[in-house]
Amino acid sequence: MLESVQLIHGGRFRRGSSLSPDEQPVTEIELGPFYLDTYPVVNRQFAEFIEDDGYRRAQLWTPAGWSWLESTGVTRPNYWDDPLWSAPEVPVTGVSWWEALAYARWSGKTLPTEAQWEYACKGTSGNTFPWGEDEPDLTLANFAPECDPVERRPTRPDHFPRNVSEFGCHDMAGNFAEWCLDNYAVEYRTSGKDPLYRTAEEDDHVARGGCGLHDADYLRGSARDHYHPGLRDNLIGFRCARPADGADS
């Protein structure tokens, strides 16, 4: 059963890296404590959201998300009926940012900010990859060396025993990228404590962690990607977060 959470103790860390302009400026960030799911949400868990009328309960959706839902007529994730992507214990994919946020609200949580996600991945040691400094290979994560996938298929979040961050979060590199709460900007435009960058929901949102079509560069804890919130491709999944003090996000 892939269900548990990790308490990420608050602290300071260096967000970003010098390896890409997209990951700059490198800034010291302070975060309060928060809980983060140990694993990304899997299809079995998302099925409970569907069965509980998650796609019919407007209170779970933001106004923009509900408008998107009504305009698209979506009632389940993309690929939901494709056996390659819909096994019970593999991460759900084919979900828009709005679907991910609605599920998170249904579960009493939210999506992690990208600062929270990066800190949970890097750990207090500032690791390059969740497991440390070893260069990625196919015994460590589900990814595509040189962007040439050997075989594009999902894996269980516990498939790679070393793909675990210092905080105990599994599968934060490869397999599926993960939606974050923040909108995307070409460079960081937030600082201070618990930063969150927001523009409009319809603008691109950040995705972290790389996927089975990405090369090793995207597996770094500081690497960033971004997509339209309505994207429902087999690139992205998500995990949920909540403040440790129970405050709203």
# chains A, B, ... in the order shown; residues from 1 in each chain; ligands from 1
call {"tool": "select_by_dssp", "arguments": {"residues": "region 60-158 of chain A", "states": "helix (DSSP H, G or I)", "output": "number ranges by chain"}}
result
A: 60, 63-72, 97-106, 114-122, 145-147
call {"tool": "residues_around", "arguments": {"residues": "Arg239 (chain A)", "least_positions_apart": "4", "cutoff": "9 Å", "atoms": "only C-alpha atoms", "output": "ChimeraX atom specification"}}
result
/A:36-41,100,104,110-112,178-180
call {"tool": "write_last_selection", "arguments": {"atoms": "C-alpha atoms", "output": "mmCIF file, in the first residue's frame"}}
result
data_model
loop_
_atom_site.group_PDB
_atom_site.id
_atom_site.type_symbol
_atom_site.label_atom_id
_atom_site.label_comp_id
_atom_site.auth_asym_id
_atom_site.auth_seq_id
_atom_site.Cartn_x
_atom_site.Cartn_y
_atom_site.Cartn_z
ATOM 1 C CA LEU A 36 4.623 15.734 1.744
ATOM 2 C CA ASP A 37 3.312 12.457 0.380
ATOM 3 C CA THR A 38 5.940 9.737 0.427
ATOM 4 C CA TYR A 39 4.813 8.614 -3.032
ATOM 5 C CA PRO A 40 3.040 10.240 -5.958
ATOM 6 C CA VAL A 41 -0.710 9.586 -6.136
ATOM 7 C CA ALA A 100 -4.458 17.390 -9.530
ATOM 8 C CA ALA A 104 -5.510 17.353 -3.410
ATOM 9 C CA THR A 110 -2.865 20.892 -1.629
ATOM 10 C CA LEU A 111 -0.057 20.719 -4.172
ATOM 11 C CA PRO A 112 3.487 21.465 -3.020
ATOM 12 C CA GLU A 178 4.925 16.327 -10.805
ATOM 13 C CA TRP A 179 2.681 19.381 -10.805
ATOM 14 C CA CYS A 180 3.555 22.157 -8.350
#
call {"tool": "closest_residue", "arguments": {"among": "A:Glu28, A:Glu166, A:Asp215, A:Glu114", "to": "Phe238 (chain A)", "atoms": "only C-alpha atoms"}}
result
A:Glu114
call {"tool": "atom_distance", "arguments": {"atom1": "CA of Gly54 (chain A)", "atom2": "CA of Gly212 (chain A)"}}
result
28.2 Å
call {"tool": "atom_distance", "arguments": {"atom1": "CA of Leu138 (chain A)", "atom2": "CA of Glu3 (chain A)"}}
result
25.0 Å
call {"tool": "atom_distance", "arguments": {"atom1": "CA of Trp85 (chain A)", "atom2": "CA of Arg153 (chain A)"}}
result
7.5 Å
call {"tool": "residues_around", "arguments": {"residues": "Ser125 (chain A)", "least_positions_apart": "5", "cutoff": "12 Å", "atoms": "only C-alpha atoms", "output": "ChimeraX atom specification"}}
result
/A:11-14,119-120,130-133,165-167,221
call {"tool": "closest_residue", "arguments": {"among": "A:Pro88, A:His226, A:Trp106, A:Asn78", "to": "Arg56 (chain A)", "atoms": "only C-alpha atoms"}}
result
A:Trp106
call {"tool": "residues_around", "arguments": {"residues": "region 94-98 of chain A", "least_positions_apart": "2", "cutoff": "8 Å", "atoms": "only C-alpha atoms", "output": "ChimeraX atom specification"}}
result
/A:61-62,65,77-80,92,100-102,179,205,229-237
call {"tool": "write_last_selection", "arguments": {"atoms": "C-alpha atoms", "output": "compact mmCIF listing (two decimals), in the first residue's frame"}}
result
# COMPACT_ATOMS: atom_id res chain seq x y z
CA TRP A 61 -12.42 23.01 -7.92
CA THR A 62 -11.27 26.57 -8.34
CA GLY A 65 -10.83 24.80 -12.92
CA PRO A 77 -7.83 11.12 -16.45
CA ASN A 78 -6.56 10.70 -19.95
CA TYR A 79 -5.23 7.13 -20.52
CA TRP A 80 -7.58 5.89 -17.77
CA VAL A 92 -1.85 8.47 -12.14
CA ALA A 100 -4.46 17.39 -9.53
CA LEU A 101 -5.47 20.34 -7.35
CA ALA A 102 -9.07 19.11 -7.07
CA TRP A 179 2.68 19.38 -10.81
CA HIS A 205 2.50 25.90 -14.06
CA PRO A 229 -2.54 23.72 -16.68
CA GLY A 230 -4.86 21.91 -19.09
CA LEU A 231 -2.19 19.52 -20.35
CA ARG A 232 -3.23 15.89 -19.89
CA ASP A 233 -0.30 14.00 -21.39
CA ASN A 234 1.48 10.94 -20.01
CA LEU A 235 4.35 13.12 -18.80
CA ILE A 236 2.97 14.36 -15.50
CA GLY A 237 1.54 13.10 -12.24
call {"tool": "closest_residue", "arguments": {"among": "A:Cys169, A:Ala185, A:Ala200, A:Leu19", "to": "Arg220 (chain A)", "atoms": "only C-alpha atoms"}}
result
A:Leu19
call {"tool": "select_by_dssp", "arguments": {"residues": "region 40-246 of chain A", "states": "strand (DSSP E or B)", "output": "ChimeraX atom specification"}}
result
/A:42,91,110,129,132,164,170,177-183,193,205-208,225-227,236-237,241-243
call {"tool": "residues_around", "arguments": {"residues": "Asn183 (chain A)", "least_positions_apart": "2", "cutoff": "8 Å", "atoms": "only C-alpha atoms", "output": "ChimeraX atom specification"}}
result
/A:181,185,197-201,203-206
call {"tool": "write_last_selection", "arguments": {"atoms": "N, CA and C atoms", "output": "PDB file, in the first residue's frame"}}
result
ATOM      1  N   LEU A 181       2.357  23.921  -7.222  1.00  0.00           N
ATOM      2  CA  LEU A 181       1.337  24.951  -7.068  1.00  0.00           C
ATOM      3  C   LEU A 181       1.669  26.214  -7.863  1.00  0.00           C
ATOM      4  N   ALA A 185       7.849  31.098 -14.110  1.00  0.00           N
ATOM      5  CA  ALA A 185       8.548  32.271 -14.627  1.00  0.00           C
ATOM      6  C   ALA A 185       9.915  31.810 -15.101  1.00  0.00           C
ATOM      7  N   TYR A 197       4.920  31.602  -6.272  1.00  0.00           N
ATOM      8  CA  TYR A 197       4.759  32.536  -7.383  1.00  0.00           C
ATOM      9  C   TYR A 197       3.430  32.252  -8.071  1.00  0.00           C
ATOM     10  N   ARG A 198       2.553  33.274  -8.090  1.00  0.00           N
ATOM     11  CA  ARG A 198       1.242  33.127  -8.709  1.00  0.00           C
ATOM     12  C   ARG A 198       0.987  34.277  -9.670  1.00  0.00           C
ATOM     13  N   THR A 199       0.475  33.930 -10.842  1.00  0.00           N
ATOM     14  CA  THR A 199      -0.003  34.940 -11.784  1.00  0.00           C
ATOM     15  C   THR A 199      -1.477  34.646 -12.035  1.00  0.00           C
ATOM     16  N   ALA A 200      -1.803  33.984 -13.120  1.00  0.00           N
ATOM     17  CA  ALA A 200      -3.175  33.553 -13.398  1.00  0.00           C
ATOM     18  C   ALA A 200      -3.187  32.036 -13.537  1.00  0.00           C
ATOM     19  N   GLU A 201      -4.262  31.407 -13.105  1.00  0.00           N
ATOM     20  CA  GLU A 201      -4.333  29.948 -13.180  1.00  0.00           C
ATOM     21  C   GLU A 201      -4.162  29.436 -14.602  1.00  0.00           C
ATOM     22  N   ASP A 203      -2.197  30.496 -16.799  1.00  0.00           N
ATOM     23  CA  ASP A 203      -0.795  30.534 -17.223  1.00  0.00           C
ATOM     24  C   ASP A 203      -0.116  29.202 -16.919  1.00  0.00           C
ATOM     25  N   ASP A 204       1.033  28.990 -17.517  1.00  0.00           N
ATOM     26  CA  ASP A 204       1.774  27.754 -17.286  1.00  0.00           C
ATOM     27  C   ASP A 204       2.090  27.559 -15.810  1.00  0.00           C
ATOM     28  N   HIS A 205       2.122  26.283 -15.414  1.00  0.00           N
ATOM     29  CA  HIS A 205       2.505  25.905 -14.057  1.00  0.00           C
ATOM     30  C   HIS A 205       3.759  25.047 -14.091  1.00  0.00           C
ATOM     31  N   VAL A 206       4.459  25.068 -12.976  1.00  0.00           N
ATOM     32  CA  VAL A 206       5.722  24.346 -12.856  1.00  0.00           C
ATOM     33  C   VAL A 206       5.476  22.852 -12.697  1.00  0.00           C
TER      34      VAL A 206
END
